[in-house]
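Structure record follows, encoded as structure tokens.
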Amino acid sequence: MTRPSPAELRNTLGANLRELAKSTESISALCRDLGINRTQFNRYLSGESFPRPDVLFRICQYFNVDARIILEPLSSIGLGSKSLLSHPEIEDFLSGGVTQLQETIFPAGFYRFVRRSFLDETQFIQGLVYVYRKDGATFLRGFEAREAMAQQGLSAAPNSREFRGLLMAQEGGIAGLVSRRNSLTTSFNFLAQVPSFQNNYWVGYTVRTVRESGTGSRVARLVYEFLGRNGSKVRKAARSAGFCSAKDLVAYEQHQLRIGEPFY
């Protein structure tokens, strides 16, 4: 077996990284997620430099590949372990919904959401989520409001507040499975687009997976407003995240949440 030269190893890795990066939102976002300087990452892409072992480990973890990406083209080694959604037991039932959720159905970007509080029916929760696509699937990411965490006696540290989810197309709408780290809490969401001039609202409901209780609710109506990447709107939504009362909501949100009506 011919031993590859350092230049050949750098070039192989660079070619593989360029291919893997195609599935990401942008190089800048990828560098932020990896904690890598953009200039240095560009050197990896061009084959001018090689990452330290710890950086290579982060890259492999992020893309779910192994260290063979420095030796062989992706076409020879594949893209890592097979997705659980592609498991033959469920592939015909779930994977189609994941691949069918295209940009035209539910665009990537920031969304402002509002729903009634599960623990205090006089209060509502406003928040912000980011929807993005990676490896042919659609995901969302956000952070629970600090007040909501405190109300449940949970840590308000960012690591504890973060939640992520997988979205998939359904007949008549979009379904999502959302969970905090280590599956500490999980919810099921359903959204359907509201026909309007701007087509920027989705309405549905969210259900949390907890036991039935005499206090608090397990289901609440949910409204998503698409903000895209409008910086001023995103910052405004971020500043208003947390608890609010019904009068703080815009009339359209009050109407869609059907405040005072029972959920069926």
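So you can find residues: chains in the structure tokens are A, B, ... in the order shown, residues in each start at 1, and ligands are numbered from 1 in order.
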Spatial neighbours of A:Ala246, 10 Å, only C-alpha atoms, chain gap at least 5 places, as a PyMOL selection string: chain A and resi 116+122-125+251+253-254+257+259
Take the residues that were just selected and, keeping N, CA and C atoms, output them as a PDB file, in the first residue's frame.
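Dumped everything to again-v4.pdb:
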ATOM      1  N   ARG A 116     -50.245  29.274  25.304  1.00  0.00           N
ATOM      2  CA  ARG A 116     -50.613  29.423  26.703  1.00  0.00           C
ATOM      3  C   ARG A 116     -49.651  28.629  27.577  1.00  0.00           C
ATOM      4  N   THR A 122     -53.401  31.687  33.121  1.00  0.00           N
ATOM      5  CA  THR A 122     -53.593  33.124  32.957  1.00  0.00           C
ATOM      6  C   THR A 122     -52.423  33.760  32.208  1.00  0.00           C
ATOM      7  N   GLN A 123     -51.380  32.974  31.972  1.00  0.00           N
ATOM      8  CA  GLN A 123     -50.178  33.489  31.340  1.00  0.00           C
ATOM      9  C   GLN A 123     -49.938  32.816  29.986  1.00  0.00           C
ATOM     10  N   PHE A 124     -49.169  33.505  29.137  1.00  0.00           N
ATOM     11  CA  PHE A 124     -48.780  32.977  27.839  1.00  0.00           C
ATOM     12  C   PHE A 124     -47.260  33.029  27.732  1.00  0.00           C
ATOM     13  N   ILE A 125     -46.719  32.153  26.880  1.00  0.00           N
ATOM     14  CA  ILE A 125     -45.281  32.093  26.653  1.00  0.00           C
ATOM     15  C   ILE A 125     -44.978  32.565  25.235  1.00  0.00           C
ATOM     16  N   ALA A 251     -53.790  41.289  18.182  1.00  0.00           N
ATOM     17  CA  ALA A 251     -55.162  40.806  18.003  1.00  0.00           C
ATOM     18  C   ALA A 251     -55.214  39.529  17.175  1.00  0.00           C
ATOM     19  N   GLU A 253     -52.991  37.134  16.956  1.00  0.00           N
ATOM     20  CA  GLU A 253     -52.573  35.993  17.775  1.00  0.00           C
ATOM     21  C   GLU A 253     -53.671  35.609  18.761  1.00  0.00           C
ATOM     22  N   GLN A 254     -54.316  36.593  19.364  1.00  0.00           N
ATOM     23  CA  GLN A 254     -55.425  36.304  20.278  1.00  0.00           C
ATOM     24  C   GLN A 254     -56.522  35.537  19.557  1.00  0.00           C
ATOM     25  N   LEU A 257     -55.334  31.885  18.761  1.00  0.00           N
ATOM     26  CA  LEU A 257     -55.228  31.065  19.973  1.00  0.00           C
ATOM     27  C   LEU A 257     -56.602  30.769  20.567  1.00  0.00           C
ATOM     28  N   ILE A 259     -58.613  32.241  22.628  1.00  0.00           N
ATOM     29  CA  ILE A 259     -58.572  32.340  24.080  1.00  0.00           C
ATOM     30  C   ILE A 259     -59.991  32.247  24.650  1.00  0.00           C
TER      31      ILE A 259
END
Sel. of helix (DSSP H, G or I) residues, stretch 74-259 of chain A, as a PyMOL selection string: chain A and resi 74-77+84-86+91-100+146-151+158-161+181-183+231-239+246-248+251-257
I need the residues from that last selection saved to file as a PDB file, in the first residue's frame (with C-alpha atoms), if you can.
ATOM      1  CA  LEU A  74     -16.870  10.245   0.883  1.00  0.00           C
ATOM      2  CA  SER A  75     -18.186   8.183  -2.001  1.00  0.00           C
ATOM      3  CA  SER A  76     -15.983   5.324  -0.810  1.00  0.00           C
ATOM      4  CA  ILE A  77     -16.776   5.483   2.906  1.00  0.00           C
ATOM      5  CA  LEU A  84     -32.451   5.629  12.580  1.00  0.00           C
ATOM      6  CA  LEU A  85     -35.287   6.992  10.430  1.00  0.00           C
ATOM      7  CA  SER A  86     -33.954   4.840   7.597  1.00  0.00           C
ATOM      8  CA  GLU A  91     -38.442   3.681   6.917  1.00  0.00           C
ATOM      9  CA  ASP A  92     -41.722   3.398   4.972  1.00  0.00           C
ATOM     10  CA  PHE A  93     -43.621   5.099   7.790  1.00  0.00           C
ATOM     11  CA  LEU A  94     -41.472   8.053   8.921  1.00  0.00           C
ATOM     12  CA  SER A  95     -38.609   8.854   6.544  1.00  0.00           C
ATOM     13  CA  GLY A  96     -40.903  10.117   3.772  1.00  0.00           C
ATOM     14  CA  GLY A  97     -42.259  12.895   5.969  1.00  0.00           C
ATOM     15  CA  VAL A  98     -38.714  14.036   6.767  1.00  0.00           C
ATOM     16  CA  THR A  99     -37.549  14.234   3.153  1.00  0.00           C
ATOM     17  CA  GLN A 100     -40.806  15.801   1.908  1.00  0.00           C
ATOM     18  CA  ARG A 146     -35.761  31.538  32.081  1.00  0.00           C
ATOM     19  CA  GLU A 147     -39.003  32.281  33.962  1.00  0.00           C
ATOM     20  CA  ALA A 148     -40.547  29.031  32.759  1.00  0.00           C
ATOM     21  CA  MET A 149     -37.525  27.045  33.947  1.00  0.00           C
ATOM     22  CA  ALA A 150     -37.608  28.760  37.345  1.00  0.00           C
ATOM     23  CA  GLN A 151     -41.328  28.050  37.657  1.00  0.00           C
ATOM     24  CA  PRO A 158     -28.307  27.734  28.636  1.00  0.00           C
ATOM     25  CA  ASN A 159     -27.333  24.065  28.489  1.00  0.00           C
ATOM     26  CA  SER A 160     -30.490  23.137  30.439  1.00  0.00           C
ATOM     27  CA  ARG A 161     -32.788  25.554  28.596  1.00  0.00           C
ATOM     28  CA  ARG A 181     -31.132  17.717  26.285  1.00  0.00           C
ATOM     29  CA  ASN A 182     -31.086  14.050  27.380  1.00  0.00           C
ATOM     30  CA  SER A 183     -34.832  13.852  26.630  1.00  0.00           C
ATOM     31  CA  GLY A 231     -32.622  41.211  12.216  1.00  0.00           C
ATOM     32  CA  SER A 232     -34.886  43.851  13.781  1.00  0.00           C
ATOM     33  CA  LYS A 233     -37.844  41.471  14.057  1.00  0.00           C
ATOM     34  CA  VAL A 234     -35.660  38.683  15.461  1.00  0.00           C
ATOM     35  CA  ARG A 235     -34.121  40.979  18.084  1.00  0.00           C
ATOM     36  CA  LYS A 236     -37.543  42.295  19.078  1.00  0.00           C
ATOM     37  CA  ALA A 237     -38.879  38.736  19.454  1.00  0.00           C
ATOM     38  CA  ALA A 238     -35.826  37.750  21.507  1.00  0.00           C
ATOM     39  CA  ARG A 239     -36.316  40.706  23.858  1.00  0.00           C
ATOM     40  CA  ALA A 246     -53.324  37.931  26.737  1.00  0.00           C
ATOM     41  CA  LYS A 247     -53.499  41.706  26.356  1.00  0.00           C
ATOM     42  CA  ASP A 248     -49.807  41.753  25.380  1.00  0.00           C
ATOM     43  CA  ALA A 251     -55.162  40.806  18.003  1.00  0.00           C
ATOM     44  CA  TYR A 252     -54.371  38.263  15.298  1.00  0.00           C
ATOM     45  CA  GLU A 253     -52.573  35.993  17.775  1.00  0.00           C
ATOM     46  CA  GLN A 254     -55.425  36.304  20.278  1.00  0.00           C
ATOM     47  CA  HIS A 255     -57.842  35.277  17.540  1.00  0.00           C
ATOM     48  CA  GLN A 256     -55.791  32.273  16.402  1.00  0.00           C
ATOM     49  CA  LEU A 257     -55.228  31.065  19.973  1.00  0.00           C
TER      50      LEU A 257
END
Residue neighbourhood A:Arg52, 12 Å, only C-alpha atoms, exclusion window fewer than 5 positions, as JSON, numbers by chain: {"A": [36, 40, 41, 44, 57, 58, 59]}
Please, could you write that set of residues out with N, CA and C atoms as a PDB file, in the first residue's frame?
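Listing of again.pdb after writing:
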ATOM      1  N   ILE A  36     -14.786  26.878  15.399  1.00  0.00           N
ATOM      2  CA  ILE A  36     -13.562  26.964  14.615  1.00  0.00           C
ATOM      3  C   ILE A  36     -13.504  28.334  13.940  1.00  0.00           C
ATOM      4  N   GLN A  40      -9.310  29.819   9.498  1.00  0.00           N
ATOM      5  CA  GLN A  40      -8.621  28.537   9.629  1.00  0.00           C
ATOM      6  C   GLN A  40      -9.388  27.428   8.923  1.00  0.00           C
ATOM      7  N   PHE A  41     -10.733  27.455   9.032  1.00  0.00           N
ATOM      8  CA  PHE A  41     -11.535  26.421   8.384  1.00  0.00           C
ATOM      9  C   PHE A  41     -11.389  26.507   6.861  1.00  0.00           C
ATOM     10  N   TYR A  44      -8.538  24.558   5.843  1.00  0.00           N
ATOM     11  CA  TYR A  44      -8.826  23.119   5.773  1.00  0.00           C
ATOM     12  C   TYR A  44      -9.512  22.788   4.447  1.00  0.00           C
ATOM     13  N   PHE A  57     -11.744  15.631  15.622  1.00  0.00           N
ATOM     14  CA  PHE A  57     -12.749  14.867  16.360  1.00  0.00           C
ATOM     15  C   PHE A  57     -14.094  15.600  16.349  1.00  0.00           C
ATOM     16  N   ARG A  58     -14.087  16.929  16.562  1.00  0.00           N
ATOM     17  CA  ARG A  58     -15.321  17.715  16.561  1.00  0.00           C
ATOM     18  C   ARG A  58     -15.982  17.684  15.183  1.00  0.00           C
ATOM     19  N   ILE A  59     -15.161  17.778  14.144  1.00  0.00           N
ATOM     20  CA  ILE A  59     -15.693  17.741  12.781  1.00  0.00           C
ATOM     21  C   ILE A  59     -16.359  16.399  12.500  1.00  0.00           C
TER      22      ILE A  59
END
